[in-house]
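K.L.:
Following this message is one structure expressed as structure tokens.
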Amino acid sequence: MAKTRIFSGVKPTGHLTLGNYLGAMRRWADEDQHRADALFCVVDLHALTVEHDPARVRRLSRQAATLLLAVGLDPERCTVFVQSQVVEHARLSYLMECTATDGEMRRMIQYKEKAAGERARGGSVRLSLLTYPALMAADILAYGTHEVPVGEDQAQHLELTRDLAVRFNQRYGPTFVVPKATHPQVAARVMDLTEPTSKMGKSNGTTAGIVYLLDEADVVRKKVMRAVTDAGRDVVYDRAERPGVANLLDVLAACTGGEPAELAGAYTSYGALKKDTAEAVVELLRPVRERHAELAADGGYVDSVLRAGADRAREMARPRVDAAYRAVGLLPG
């Protein structure tokens, strides 16, 4: 029986964060690569939907790929590659644009929010910002993916991917596997330490509340110790009424394997909770930082992993994308 196939990716629009690690990357390394035929991709084409510095995109793409290896992804067990190095993503993206409707794209919440933000800054909105869910669908469908580990912010895009797969199959014949979303059980959403009602995002405007995977230990401690807490003095786990304390307890629980509500009972002050959380995060990230430094010093190894990963991904994707081209009526190459 064939293994379940998993696809997931990271976008090189900022430095990867504690939220990325606890919400996704740790599970990829600890579970997904062992139980499935898994592909993990640096989705660099998605970084081009907004104004960007080309040198920074290249730098962050390499850093993201290196961090995927540093957190424990094993290229002998899974496929690690860069999206733009596998042309099938772009080839299939156009067919997905031809399958989707304008209304579907404009209903995407992320498009509405990002387009509004771009206009508010006086900028123009790139067409690719509207159409990038078609590229995301292509990323997933090219590989016959069964499961996509996603956070809440990508659930709508995954649902669109499912709709496009079903529609294509109905119009042109069975071509694509219809994937399903899987949701992490623990710390799926780590919040900003200074704005605990907002997600800890790698491209946030302010960095004071964001712990990056490559932050030095002292920087991590300083950020956690300055985390926003809530009115009152007692340590209680209540996401609605005490979001700041709840976020610290969630992070501590994710680092130590405890339960947030139970951990709350061990503390009588915010200071002690912050101190323990800071140390737990430092220890969690220490091996990641050390391994990243080793890998970054050996650029040739990282390049070889990415080349081999792209070759493997291409071999997996090409037959299905070729079949999709034939199905819609295009002449074979």
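Naming works like this for the structure tokens: A, B, ... for the chains as they're shown, residue 1 at the start of each chain, ligands 1 onward in shown order.
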Please identify every residue of range 55-118 of chain A that has at least one atom no farther than 12 Å from an atom of range 292-300 of chain A, counting only C-alpha atoms, and for each give the shortest atom pair and the distance in Å to one decimal, arranged by chain then increasing number, as CSV.

P.N.:
residue,atom,partner,partner_atom,distance
A:Arg59,CA,A:Ala296,CA,11.5
A:Arg62,CA,A:Ala296,CA,9.0
A:Gln63,CA,A:Ala296,CA,8.1
A:Ala64,CA,A:His292,CA,10.0
A:Ala65,CA,A:His292,CA,10.0
A:Thr66,CA,A:His292,CA,6.4
A:Leu67,CA,A:His292,CA,6.0
A:Leu68,CA,A:His292,CA,9.1
A:Leu69,CA,A:His292,CA,7.8
A:Ala70,CA,A:His292,CA,5.1
A:Val71,CA,A:His292,CA,8.3
A:Gly72,CA,A:His292,CA,10.3

K.L.:
Keeping all heavy atoms, export the residues of the selection given above as an mmCIF file, in the first residue's frame.

P.N.:
data_model
loop_
_atom_site.group_PDB
_atom_site.id
_atom_site.type_symbol
_atom_site.label_atom_id
_atom_site.label_comp_id
_atom_site.auth_asym_id
_atom_site.auth_seq_id
_atom_site.Cartn_x
_atom_site.Cartn_y
_atom_site.Cartn_z
ATOM 1 N N ARG A 59 18.436 35.392 -0.080
ATOM 2 C CA ARG A 59 19.053 35.127 1.222
ATOM 3 C C ARG A 59 18.095 34.385 2.155
ATOM 4 O O ARG A 59 18.478 33.410 2.808
ATOM 5 C CB ARG A 59 19.494 36.446 1.847
ATOM 6 C CG ARG A 59 20.299 36.310 3.125
ATOM 7 C CD ARG A 59 20.891 37.637 3.560
ATOM 8 N NE ARG A 59 19.873 38.620 3.930
ATOM 9 C CZ ARG A 59 19.560 39.696 3.206
ATOM 10 N NH1 ARG A 59 20.180 39.925 2.037
ATOM 11 N NH2 ARG A 59 18.640 40.546 3.602
ATOM 12 N N ARG A 62 17.512 30.677 1.082
ATOM 13 C CA ARG A 62 18.600 29.785 1.517
ATOM 14 C C ARG A 62 18.529 29.555 3.019
ATOM 15 O O ARG A 62 18.707 28.428 3.496
ATOM 16 C CB ARG A 62 19.954 30.386 1.138
ATOM 17 C CG ARG A 62 21.132 29.634 1.726
ATOM 18 C CD ARG A 62 22.424 30.080 1.123
ATOM 19 N NE ARG A 62 22.553 29.593 -0.237
ATOM 20 C CZ ARG A 62 22.925 28.351 -0.526
ATOM 21 N NH1 ARG A 62 23.188 27.491 0.434
ATOM 22 N NH2 ARG A 62 23.024 27.953 -1.765
ATOM 23 N N GLN A 63 18.248 30.623 3.776
ATOM 24 C CA GLN A 63 18.155 30.476 5.227
ATOM 25 C C GLN A 63 17.002 29.540 5.595
ATOM 26 O O GLN A 63 17.156 28.679 6.478
ATOM 27 C CB GLN A 63 17.938 31.841 5.882
ATOM 28 C CG GLN A 63 17.930 31.810 7.399
ATOM 29 C CD GLN A 63 17.591 33.167 7.989
ATOM 30 O OE1 GLN A 63 16.434 33.469 8.284
ATOM 31 N NE2 GLN A 63 18.598 34.004 8.151
ATOM 32 N N ALA A 64 15.859 29.687 4.929
ATOM 33 C CA ALA A 64 14.710 28.825 5.225
ATOM 34 C C ALA A 64 15.028 27.367 4.919
ATOM 35 O O ALA A 64 14.707 26.458 5.697
ATOM 36 C CB ALA A 64 13.486 29.279 4.431
ATOM 37 N N ALA A 65 15.680 27.121 3.779
ATOM 38 C CA ALA A 65 16.036 25.746 3.419
ATOM 39 C C ALA A 65 17.000 25.156 4.443
ATOM 40 O O ALA A 65 16.868 23.993 4.849
ATOM 41 C CB ALA A 65 16.664 25.727 2.025
ATOM 42 N N THR A 66 17.966 25.970 4.878
ATOM 43 C CA THR A 66 18.944 25.509 5.865
ATOM 44 C C THR A 66 18.260 25.209 7.189
ATOM 45 O O THR A 66 18.572 24.216 7.867
ATOM 46 C CB THR A 66 20.052 26.556 6.044
ATOM 47 O OG1 THR A 66 20.622 26.872 4.772
ATOM 48 C CG2 THR A 66 21.161 26.043 6.954
ATOM 49 N N LEU A 67 17.292 26.042 7.565
ATOM 50 C CA LEU A 67 16.563 25.809 8.817
ATOM 51 C C LEU A 67 15.680 24.568 8.742
ATOM 52 O O LEU A 67 15.499 23.873 9.746
ATOM 53 C CB LEU A 67 15.736 27.039 9.192
ATOM 54 C CG LEU A 67 16.508 28.143 9.918
ATOM 55 C CD1 LEU A 67 15.700 29.432 9.979
ATOM 56 C CD2 LEU A 67 16.901 27.690 11.329
ATOM 57 N N LEU A 68 15.126 24.281 7.583
ATOM 58 C CA LEU A 68 14.343 23.048 7.455
ATOM 59 C C LEU A 68 15.209 21.838 7.793
ATOM 60 O O LEU A 68 14.764 20.897 8.453
ATOM 61 C CB LEU A 68 13.783 22.919 6.040
ATOM 62 C CG LEU A 68 12.633 23.861 5.661
ATOM 63 C CD1 LEU A 68 12.253 23.673 4.196
ATOM 64 C CD2 LEU A 68 11.419 23.651 6.552
ATOM 65 N N LEU A 69 16.446 21.878 7.343
ATOM 66 C CA LEU A 69 17.377 20.788 7.668
ATOM 67 C C LEU A 69 17.799 20.852 9.128
ATOM 68 O O LEU A 69 17.922 19.826 9.802
ATOM 69 C CB LEU A 69 18.601 20.861 6.756
ATOM 70 C CG LEU A 69 18.323 20.747 5.254
ATOM 71 C CD1 LEU A 69 19.611 20.925 4.456
ATOM 72 C CD2 LEU A 69 17.668 19.421 4.917
ATOM 73 N N ALA A 70 17.973 22.074 9.640
ATOM 74 C CA ALA A 70 18.445 22.240 11.022
ATOM 75 C C ALA A 70 17.423 21.753 12.044
ATOM 76 O O ALA A 70 17.806 21.285 13.124
ATOM 77 C CB ALA A 70 18.788 23.706 11.289
ATOM 78 N N VAL A 71 16.147 21.842 11.740
ATOM 79 C CA VAL A 71 15.138 21.387 12.707
ATOM 80 C C VAL A 71 14.974 19.868 12.681
ATOM 81 O O VAL A 71 14.262 19.312 13.517
ATOM 82 C CB VAL A 71 13.756 22.059 12.486
ATOM 83 C CG1 VAL A 71 13.869 23.569 12.564
ATOM 84 C CG2 VAL A 71 13.121 21.628 11.164
ATOM 85 N N GLY A 72 15.637 19.212 11.718
ATOM 86 C CA GLY A 72 15.620 17.756 11.744
ATOM 87 C C GLY A 72 15.044 17.064 10.525
ATOM 88 O O GLY A 72 14.903 15.836 10.526
#

K.L.:
Quick one: everything within 9 Å of Val245 in chain A, counting only C-alpha atoms, minus sequence neighbours fewer than 2 positions away in the same chain. Send it as a PyMOL selection string.

P.N.:
chain A and resi 196+227-230+235-239+242-243+247-250+264+270+273

K.L.:
Using only N, CA, C and O atoms, please write the residues we just selected to a file, as a compact mmCIF listing (two decimals), in the first residue's frame.

P.N.:
# COMPACT_ATOMS: atom_id res chain seq x y z
N PRO A 196 -0.68 39.91 22.09
CA PRO A 196 -1.08 38.51 22.21
C PRO A 196 -2.41 38.13 21.56
O PRO A 196 -2.81 36.97 21.62
N ALA A 227 7.36 40.41 27.56
CA ALA A 227 6.05 40.05 27.00
C ALA A 227 4.92 40.75 27.75
O ALA A 227 4.97 40.93 28.97
N VAL A 228 3.90 41.13 27.00
CA VAL A 228 2.71 41.76 27.59
C VAL A 228 1.93 40.72 28.38
O VAL A 228 1.71 39.59 27.90
N THR A 229 1.55 41.08 29.60
CA THR A 229 0.67 40.20 30.37
C THR A 229 -0.70 40.87 30.48
O THR A 229 -1.11 41.58 29.60
N ASP A 230 -1.41 40.64 31.57
CA ASP A 230 -2.78 41.13 31.65
C ASP A 230 -3.02 41.78 33.01
O ASP A 230 -2.20 41.67 33.93
N VAL A 235 -2.05 33.90 38.03
CA VAL A 235 -1.72 33.24 36.77
C VAL A 235 -2.82 32.24 36.45
O VAL A 235 -2.96 31.20 37.10
N VAL A 236 -3.62 32.59 35.44
CA VAL A 236 -4.78 31.78 35.05
C VAL A 236 -4.75 31.57 33.54
O VAL A 236 -4.42 32.49 32.79
N TYR A 237 -5.09 30.36 33.10
CA TYR A 237 -5.12 30.09 31.67
C TYR A 237 -6.51 30.41 31.14
O TYR A 237 -7.47 29.67 31.35
N ASP A 238 -6.63 31.53 30.45
CA ASP A 238 -7.92 31.98 29.90
C ASP A 238 -7.62 32.77 28.64
O ASP A 238 -7.25 33.94 28.70
N ARG A 239 -7.76 32.12 27.48
CA ARG A 239 -7.39 32.77 26.22
C ARG A 239 -8.20 34.03 25.94
O ARG A 239 -7.68 35.00 25.37
N ARG A 242 -7.46 36.53 29.40
CA ARG A 242 -6.04 36.72 29.75
C ARG A 242 -5.14 36.27 28.59
O ARG A 242 -4.37 35.31 28.75
N PRO A 243 -5.24 36.91 27.44
CA PRO A 243 -4.50 36.42 26.27
C PRO A 243 -2.98 36.44 26.43
O PRO A 243 -2.28 35.56 25.91
N ASN A 247 -0.86 33.03 26.30
CA ASN A 247 0.15 32.82 25.27
C ASN A 247 1.45 32.30 25.88
O ASN A 247 2.06 31.35 25.36
N LEU A 248 1.88 32.88 27.00
CA LEU A 248 3.08 32.39 27.67
C LEU A 248 2.93 30.94 28.11
O LEU A 248 3.84 30.12 27.95
N LEU A 249 1.76 30.61 28.65
CA LEU A 249 1.51 29.23 29.09
C LEU A 249 1.47 28.27 27.89
O LEU A 249 1.96 27.14 27.99
N ASP A 250 0.90 28.72 26.78
CA ASP A 250 0.90 27.88 25.57
C ASP A 250 2.31 27.60 25.10
O ASP A 250 2.65 26.47 24.73
N ALA A 264 -0.36 26.55 34.81
CA ALA A 264 -0.75 27.81 35.46
C ALA A 264 -0.77 27.67 36.97
O ALA A 264 -0.39 28.59 37.70
N TYR A 270 3.75 36.58 37.52
CA TYR A 270 4.05 36.63 36.10
C TYR A 270 5.56 36.51 35.86
O TYR A 270 6.01 35.92 34.88
N LEU A 273 6.77 32.96 35.71
CA LEU A 273 6.29 32.32 34.49
C LEU A 273 7.14 32.77 33.30
O LEU A 273 7.55 31.94 32.47

K.L.:
How would you write, as a list of chain:residue names, the set of residues in range 30-207 of chain A that DSSP gives as strand (DSSP E)?

P.N.:
A:Asp37, A:Ala38, A:Leu39, A:Phe40, A:Cys41, A:Val42, A:Thr79, A:Val80, A:Phe81, A:Val82, A:Glu147, A:Val148, A:Pro149, A:Lys180, A:Ala181, A:Thr182

K.L.:
Just write the chosen residues, all heavy atoms, as a compact mmCIF listing (two decimals), in the first residue's frame.

P.N.:
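Below you can see again-v2.txt, which holds the result:
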# COMPACT_ATOMS: atom_id res chain seq x y z
N ASP A 37 5.15 9.91 2.82
CA ASP A 37 6.01 10.36 1.73
C ASP A 37 5.86 11.88 1.71
O ASP A 37 4.88 12.40 1.18
CB ASP A 37 5.54 9.72 0.43
CG ASP A 37 6.40 10.12 -0.75
OD1 ASP A 37 7.44 10.76 -0.54
OD2 ASP A 37 6.02 9.79 -1.90
N ALA A 38 6.80 12.58 2.31
CA ALA A 38 6.60 14.00 2.60
C ALA A 38 7.50 14.89 1.75
O ALA A 38 8.67 14.58 1.52
CB ALA A 38 6.87 14.27 4.08
N LEU A 39 6.92 16.00 1.27
CA LEU A 39 7.67 17.02 0.55
C LEU A 39 7.56 18.33 1.30
O LEU A 39 6.45 18.75 1.68
CB LEU A 39 7.11 17.22 -0.86
CG LEU A 39 7.15 16.02 -1.81
CD1 LEU A 39 5.76 15.37 -1.86
CD2 LEU A 39 7.57 16.45 -3.22
N PHE A 40 8.72 18.99 1.51
CA PHE A 40 8.76 20.28 2.21
C PHE A 40 9.50 21.27 1.32
O PHE A 40 10.63 21.03 0.91
CB PHE A 40 9.43 20.13 3.57
CG PHE A 40 8.71 19.15 4.46
CD1 PHE A 40 9.24 17.89 4.68
CD2 PHE A 40 7.49 19.47 5.02
CE1 PHE A 40 8.58 16.97 5.47
CE2 PHE A 40 6.80 18.55 5.81
CZ PHE A 40 7.36 17.31 6.04
N CYS A 41 8.83 22.37 1.05
CA CYS A 41 9.26 23.26 -0.02
C CYS A 41 9.42 24.70 0.48
O CYS A 41 8.60 25.19 1.27
CB CYS A 41 8.18 23.20 -1.11
SG CYS A 41 8.50 24.23 -2.55
N VAL A 42 10.47 25.37 0.01
CA VAL A 42 10.58 26.82 0.20
C VAL A 42 9.84 27.45 -0.98
O VAL A 42 10.30 27.37 -2.12
CB VAL A 42 12.05 27.26 0.22
CG1 VAL A 42 12.13 28.79 0.38
CG2 VAL A 42 12.81 26.58 1.35
N THR A 79 11.59 14.91 0.98
CA THR A 79 12.07 15.72 -0.13
C THR A 79 12.05 17.19 0.27
O THR A 79 10.99 17.74 0.58
CB THR A 79 11.20 15.51 -1.38
OG1 THR A 79 11.16 14.10 -1.69
CG2 THR A 79 11.74 16.27 -2.57
N VAL A 80 13.23 17.81 0.30
CA VAL A 80 13.36 19.22 0.64
C VAL A 80 13.84 19.95 -0.61
O VAL A 80 14.87 19.58 -1.18
CB VAL A 80 14.36 19.42 1.80
CG1 VAL A 80 14.50 20.91 2.13
CG2 VAL A 80 13.92 18.64 3.04
N PHE A 81 13.11 20.97 -1.05
CA PHE A 81 13.47 21.63 -2.31
C PHE A 81 12.93 23.05 -2.34
O PHE A 81 12.20 23.49 -1.45
CB PHE A 81 12.95 20.83 -3.50
CG PHE A 81 11.44 20.80 -3.64
CD1 PHE A 81 10.81 21.53 -4.63
CD2 PHE A 81 10.65 20.02 -2.79
CE1 PHE A 81 9.42 21.50 -4.77
CE2 PHE A 81 9.27 19.99 -2.92
CZ PHE A 81 8.66 20.72 -3.92
N VAL A 82 13.32 23.77 -3.40
CA VAL A 82 12.88 25.15 -3.61
C VAL A 82 11.91 25.17 -4.79
O VAL A 82 12.20 24.63 -5.87
CB VAL A 82 14.09 26.07 -3.88
CG1 VAL A 82 13.62 27.49 -4.19
CG2 VAL A 82 15.02 26.09 -2.66
N GLU A 147 -2.47 14.88 2.16
CA GLU A 147 -2.65 15.69 3.37
C GLU A 147 -1.80 16.95 3.28
O GLU A 147 -0.64 16.90 2.85
CB GLU A 147 -2.24 14.91 4.62
CG GLU A 147 -3.10 13.71 4.94
CD GLU A 147 -2.65 13.01 6.21
OE1 GLU A 147 -1.80 13.57 6.94
OE2 GLU A 147 -3.14 11.90 6.46
N VAL A 148 -2.38 18.05 3.75
CA VAL A 148 -1.66 19.32 3.82
C VAL A 148 -1.76 19.85 5.24
O VAL A 148 -2.85 20.23 5.68
CB VAL A 148 -2.25 20.36 2.84
CG1 VAL A 148 -1.39 21.63 2.83
CG2 VAL A 148 -2.37 19.78 1.44
N PRO A 149 -0.66 19.86 6.00
CA PRO A 149 -0.72 20.44 7.35
C PRO A 149 -0.84 21.96 7.23
O PRO A 149 0.06 22.61 6.69
CB PRO A 149 0.64 20.04 7.97
CG PRO A 149 1.25 19.05 7.03
CD PRO A 149 0.67 19.33 5.68
N LYS A 180 -6.75 16.70 1.75
CA LYS A 180 -7.46 17.15 2.95
C LYS A 180 -6.49 17.90 3.84
O LYS A 180 -5.27 17.68 3.81
CB LYS A 180 -8.08 15.98 3.71
CG LYS A 180 -7.08 15.05 4.37
CD LYS A 180 -7.80 13.98 5.20
CE LYS A 180 -6.79 13.10 5.94
NZ LYS A 180 -7.46 12.07 6.78
N ALA A 181 -7.03 18.80 4.66
CA ALA A 181 -6.21 19.55 5.60
C ALA A 181 -6.02 18.75 6.88
O ALA A 181 -6.91 18.03 7.31
CB ALA A 181 -6.89 20.88 5.93
N THR A 182 -4.84 18.87 7.48
CA THR A 182 -4.62 18.34 8.82
C THR A 182 -4.17 19.49 9.69
O THR A 182 -3.47 20.40 9.23
CB THR A 182 -3.55 17.23 8.82
OG1 THR A 182 -2.31 17.75 8.29
CG2 THR A 182 -3.99 16.05 7.99

K.L.:
As JSON, numbers by chain, please: every residue in range 5-252 of chain A that DSSP puts in alpha helix (DSSP H).

P.N.:
{"A": [18, 19, 20, 26, 27, 33, 34, 35, 54, 55, 56, 57, 58, 59, 60, 61, 62, 63, 64, 65, 66, 67, 68, 69, 70, 88, 89, 90, 91, 92, 93, 94, 95, 96, 97, 98, 99, 102, 103, 104, 105, 106, 109, 110, 111, 112, 113, 114, 115, 116, 117, 118, 119, 120, 127, 128, 129, 130, 131, 132, 133, 134, 135, 136, 137, 138, 139, 140, 141, 155, 156, 157, 158, 159, 160, 161, 162, 163, 164, 165, 166, 167, 168, 169, 170, 171, 172, 217, 218, 219, 220, 221, 222, 223, 224, 225, 243, 244, 245, 246, 247, 248, 249, 250, 251, 252]}

K.L.:
Just the residues within 12 Å of Gly144 in chain A, please, counting only C-alpha atoms, with nothing from its chain fewer than 3 positions along; format it as number ranges by chain.

P.N.:
A: 2-7, 37-39, 137-141, 147-148, 162, 165, 174-180, 313, 316-321

K.L.:
Compile the contact shell of Ala115 in chain A as a ChimeraX atom specification: residues with an atom at most 9 Å away, counting only C-alpha atoms, same-chain residues fewer than 5 positions apart removed.

P.N.:
/A:110,120,124-126,129-130

K.L.:
Keeping only N, CA, C and O atoms, write the selected residues as an mmCIF file, in the first residue's frame.

P.N.:
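Saved as out.cif:
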data_model
loop_
_atom_site.group_PDB
_atom_site.id
_atom_site.type_symbol
_atom_site.label_atom_id
_atom_site.label_comp_id
_atom_site.auth_asym_id
_atom_site.auth_seq_id
_atom_site.Cartn_x
_atom_site.Cartn_y
_atom_site.Cartn_z
ATOM 1 N N GLN A 110 -7.225 36.593 2.775
ATOM 2 C CA GLN A 110 -5.857 37.117 2.765
ATOM 3 C C GLN A 110 -5.670 38.124 1.640
ATOM 4 O O GLN A 110 -4.965 39.127 1.807
ATOM 5 N N ALA A 120 -3.522 51.114 1.253
ATOM 6 C CA ALA A 120 -3.396 52.093 2.330
ATOM 7 C C ALA A 120 -2.006 52.719 2.353
ATOM 8 O O ALA A 120 -1.840 53.882 2.755
ATOM 9 N N SER A 124 0.561 49.857 -5.416
ATOM 10 C CA SER A 124 -0.336 49.170 -6.345
ATOM 11 C C SER A 124 -0.351 47.690 -5.992
ATOM 12 O O SER A 124 0.626 47.141 -5.481
ATOM 13 N N VAL A 125 -1.469 47.042 -6.274
ATOM 14 C CA VAL A 125 -1.650 45.631 -5.928
ATOM 15 C C VAL A 125 -1.278 44.775 -7.142
ATOM 16 O O VAL A 125 -1.861 44.934 -8.219
ATOM 17 N N ARG A 126 -0.321 43.901 -6.966
ATOM 18 C CA ARG A 126 0.106 43.034 -8.064
ATOM 19 C C ARG A 126 -0.968 41.987 -8.377
ATOM 20 O O ARG A 126 -1.603 41.462 -7.470
ATOM 21 N N LEU A 129 -0.898 38.747 -6.471
ATOM 22 C CA LEU A 129 -1.473 38.658 -5.129
ATOM 23 C C LEU A 129 -2.883 38.087 -5.202
ATOM 24 O O LEU A 129 -3.317 37.342 -4.314
ATOM 25 N N LEU A 130 -3.596 38.421 -6.276
ATOM 26 C CA LEU A 130 -4.946 37.887 -6.477
ATOM 27 C C LEU A 130 -4.903 36.424 -6.897
ATOM 28 O O LEU A 130 -5.697 35.608 -6.423
#

K.L.:
Tell me, in Å to one decimal, how far CA of Ala100 in chain A is from CA of Glu51 in chain A.

P.N.:
24.9 Å

K.L.:
For Gln156 in chain A, list every protein, DNA or RNA residue within 8 Å, evaluated using only C-alpha atoms, and leave out those in the same chain fewer than 3 positions away; present the list as a PyMOL selection string.

P.N.:
chain A and resi 108-109+153+159-160

K.L.:
Got time to write the residues from that selection, N, CA and C atoms, as a CSV table (one decimal), in the first residue's frame?

P.N.:
chain,number,residue,atom,x,y,z
A,108,MET,N,-11.0,35.5,-1.3
A,108,MET,CA,-10.0,35.1,-0.3
A,108,MET,C,-9.7,36.2,0.7
A,109,ILE,N,-9.8,35.8,1.9
A,109,ILE,CA,-9.6,36.8,3.0
A,109,ILE,C,-8.2,37.4,3.0
A,153,ASP,N,-5.0,30.2,9.1
A,153,ASP,CA,-4.9,31.3,8.1
A,153,ASP,C,-4.8,30.7,6.6
A,159,GLU,N,-9.3,24.9,1.0
A,159,GLU,CA,-10.6,24.5,0.6
A,159,GLU,C,-10.8,24.9,-0.9
A,160,LEU,N,-10.2,26.0,-1.4
A,160,LEU,CA,-10.2,26.3,-2.8
A,160,LEU,C,-9.5,25.3,-3.6

K.L.:
Would you list the contacts of Lys222 in chain A as a list in words, taking every protein, DNA or RNA residue within 12 Å and counting only C-alpha atoms, but skipping same-chain residues closer than 4 positions in sequence?

P.N.:
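Selected residues are Leu193, Ala208, Gly209, Ile210, Val211, Asp215, Glu216, Ala217, Asp218, Arg226, Ala227, Lys274, Lys275, Thr277, Ala278, Glu279, Val281 and Val282 of chain A.
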
K.L.:
Go ahead and save the residues from that selection, with all heavy atoms, as a short mmCIF file (atom, residue, chain, number, x, y, z; two decimals), in the first residue's frame.

P.N.:
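What ended up in again17.cif:
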data_model
loop_
_atom_site.label_atom_id
_atom_site.label_comp_id
_atom_site.auth_asym_id
_atom_site.auth_seq_id
_atom_site.Cartn_x
_atom_site.Cartn_y
_atom_site.Cartn_z
N LEU A 193 4.32 38.28 21.31
CA LEU A 193 4.50 38.51 22.74
C LEU A 193 4.08 39.91 23.17
O LEU A 193 3.72 40.12 24.33
CB LEU A 193 5.98 38.29 23.12
CG LEU A 193 6.49 36.85 22.96
CD1 LEU A 193 7.99 36.80 23.17
CD2 LEU A 193 5.78 35.90 23.92
N ALA A 208 9.54 43.31 18.19
CA ALA A 208 9.77 43.18 19.63
C ALA A 208 9.10 41.96 20.23
O ALA A 208 9.60 41.37 21.20
CB ALA A 208 9.29 44.45 20.35
N GLY A 209 7.97 41.54 19.67
CA GLY A 209 7.23 40.41 20.23
C GLY A 209 7.41 39.12 19.46
O GLY A 209 6.69 38.15 19.70
N ILE A 210 8.38 39.09 18.55
CA ILE A 210 8.59 37.91 17.72
C ILE A 210 9.92 37.25 18.08
O ILE A 210 10.96 37.89 18.04
CB ILE A 210 8.62 38.29 16.23
CG1 ILE A 210 7.34 39.04 15.84
CG2 ILE A 210 8.78 37.05 15.36
CD1 ILE A 210 7.39 39.64 14.46
N VAL A 211 9.87 35.99 18.43
CA VAL A 211 11.09 35.22 18.68
C VAL A 211 11.46 34.50 17.38
O VAL A 211 10.69 33.69 16.88
CB VAL A 211 10.90 34.20 19.81
CG1 VAL A 211 12.15 33.32 19.96
CG2 VAL A 211 10.60 34.91 21.13
N ASP A 215 17.49 33.84 16.81
CA ASP A 215 17.79 34.82 17.86
C ASP A 215 18.79 34.24 18.85
O ASP A 215 18.69 33.07 19.25
CB ASP A 215 16.51 35.22 18.62
CG ASP A 215 15.72 36.29 17.91
OD1 ASP A 215 16.25 36.92 16.98
OD2 ASP A 215 14.55 36.51 18.31
N GLU A 216 19.74 35.06 19.28
CA GLU A 216 20.67 34.65 20.34
C GLU A 216 19.89 34.45 21.64
O GLU A 216 18.82 35.05 21.84
CB GLU A 216 21.75 35.72 20.54
CG GLU A 216 22.65 35.94 19.35
CD GLU A 216 23.62 34.79 19.14
OE1 GLU A 216 23.87 34.03 20.10
OE2 GLU A 216 24.13 34.64 18.01
N ALA A 217 20.45 33.65 22.55
CA ALA A 217 19.75 33.31 23.79
C ALA A 217 19.37 34.55 24.59
O ALA A 217 18.25 34.65 25.11
CB ALA A 217 20.63 32.39 24.65
N ASP A 218 20.27 35.53 24.68
CA ASP A 218 19.97 36.74 25.46
C ASP A 218 18.84 37.54 24.83
O ASP A 218 18.05 38.17 25.55
CB ASP A 218 21.23 37.62 25.59
CG ASP A 218 22.23 37.03 26.56
OD1 ASP A 218 21.86 36.10 27.31
OD2 ASP A 218 23.39 37.49 26.57
N ARG A 226 9.89 40.74 28.42
CA ARG A 226 9.13 41.97 28.13
C ARG A 226 7.74 41.68 27.57
O ARG A 226 7.04 42.59 27.13
CB ARG A 226 9.92 42.83 27.15
CG ARG A 226 11.19 43.43 27.75
CD ARG A 226 11.94 44.26 26.72
NE ARG A 226 13.11 44.89 27.29
CZ ARG A 226 14.01 45.59 26.60
NH1 ARG A 226 13.86 45.72 25.28
NH2 ARG A 226 15.05 46.14 27.20
N ALA A 227 7.36 40.41 27.56
CA ALA A 227 6.05 40.05 27.00
C ALA A 227 4.92 40.75 27.75
O ALA A 227 4.97 40.93 28.97
CB ALA A 227 5.86 38.54 27.08
N LYS A 274 7.41 34.06 33.22
CA LYS A 274 8.22 34.56 32.11
C LYS A 274 9.62 33.96 32.12
O LYS A 274 10.15 33.58 31.08
CB LYS A 274 8.30 36.10 32.17
CG LYS A 274 7.02 36.81 31.79
CD LYS A 274 7.24 38.31 31.87
CE LYS A 274 6.02 39.10 31.40
NZ LYS A 274 6.26 40.55 31.44
N LYS A 275 10.20 33.89 33.29
CA LYS A 275 11.57 33.38 33.40
C LYS A 275 11.64 31.92 32.94
O LYS A 275 12.52 31.54 32.16
CB LYS A 275 12.07 33.49 34.85
CG LYS A 275 13.53 33.12 35.04
CD LYS A 275 13.97 33.45 36.46
CE LYS A 275 15.47 33.17 36.64
NZ LYS A 275 15.83 31.78 36.39
N THR A 277 9.50 30.36 31.01
CA THR A 277 9.18 30.29 29.58
C THR A 277 10.39 30.68 28.74
O THR A 277 10.71 30.02 27.74
CB THR A 277 7.98 31.20 29.25
OG1 THR A 277 6.85 30.83 30.04
CG2 THR A 277 7.61 31.11 27.77
N ALA A 278 11.07 31.74 29.16
CA ALA A 278 12.26 32.18 28.43
C ALA A 278 13.31 31.07 28.36
O ALA A 278 13.87 30.79 27.29
CB ALA A 278 12.84 33.43 29.08
N GLU A 279 13.58 30.44 29.50
CA GLU A 279 14.60 29.38 29.53
C GLU A 279 14.17 28.17 28.70
O GLU A 279 14.99 27.53 28.04
CB GLU A 279 14.91 28.96 30.97
CG GLU A 279 15.61 30.04 31.78
CD GLU A 279 16.86 30.58 31.08
OE1 GLU A 279 17.64 29.77 30.53
OE2 GLU A 279 17.05 31.82 31.08
N VAL A 281 12.29 28.22 26.02
CA VAL A 281 12.45 28.56 24.61
C VAL A 281 13.92 28.53 24.22
O VAL A 281 14.29 28.00 23.15
CB VAL A 281 11.83 29.94 24.31
CG1 VAL A 281 12.14 30.37 22.87
CG2 VAL A 281 10.32 29.92 24.53
N VAL A 282 14.78 29.08 25.07
CA VAL A 282 16.22 29.08 24.79
C VAL A 282 16.72 27.65 24.58
O VAL A 282 17.45 27.35 23.63
CB VAL A 282 17.00 29.78 25.92
CG1 VAL A 282 18.50 29.48 25.81
CG2 VAL A 282 16.76 31.29 25.89
#

K.L.:
Identify which of the residues A:Thr194, A:Thr207, A:Gln154, A:Thr99 lies closest to Val166 in chain A, counting only C-alpha atoms when measuring atom-to-atom distances.

P.N.:
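Smallest distance to Val166 in chain A is found for A:Thr99.
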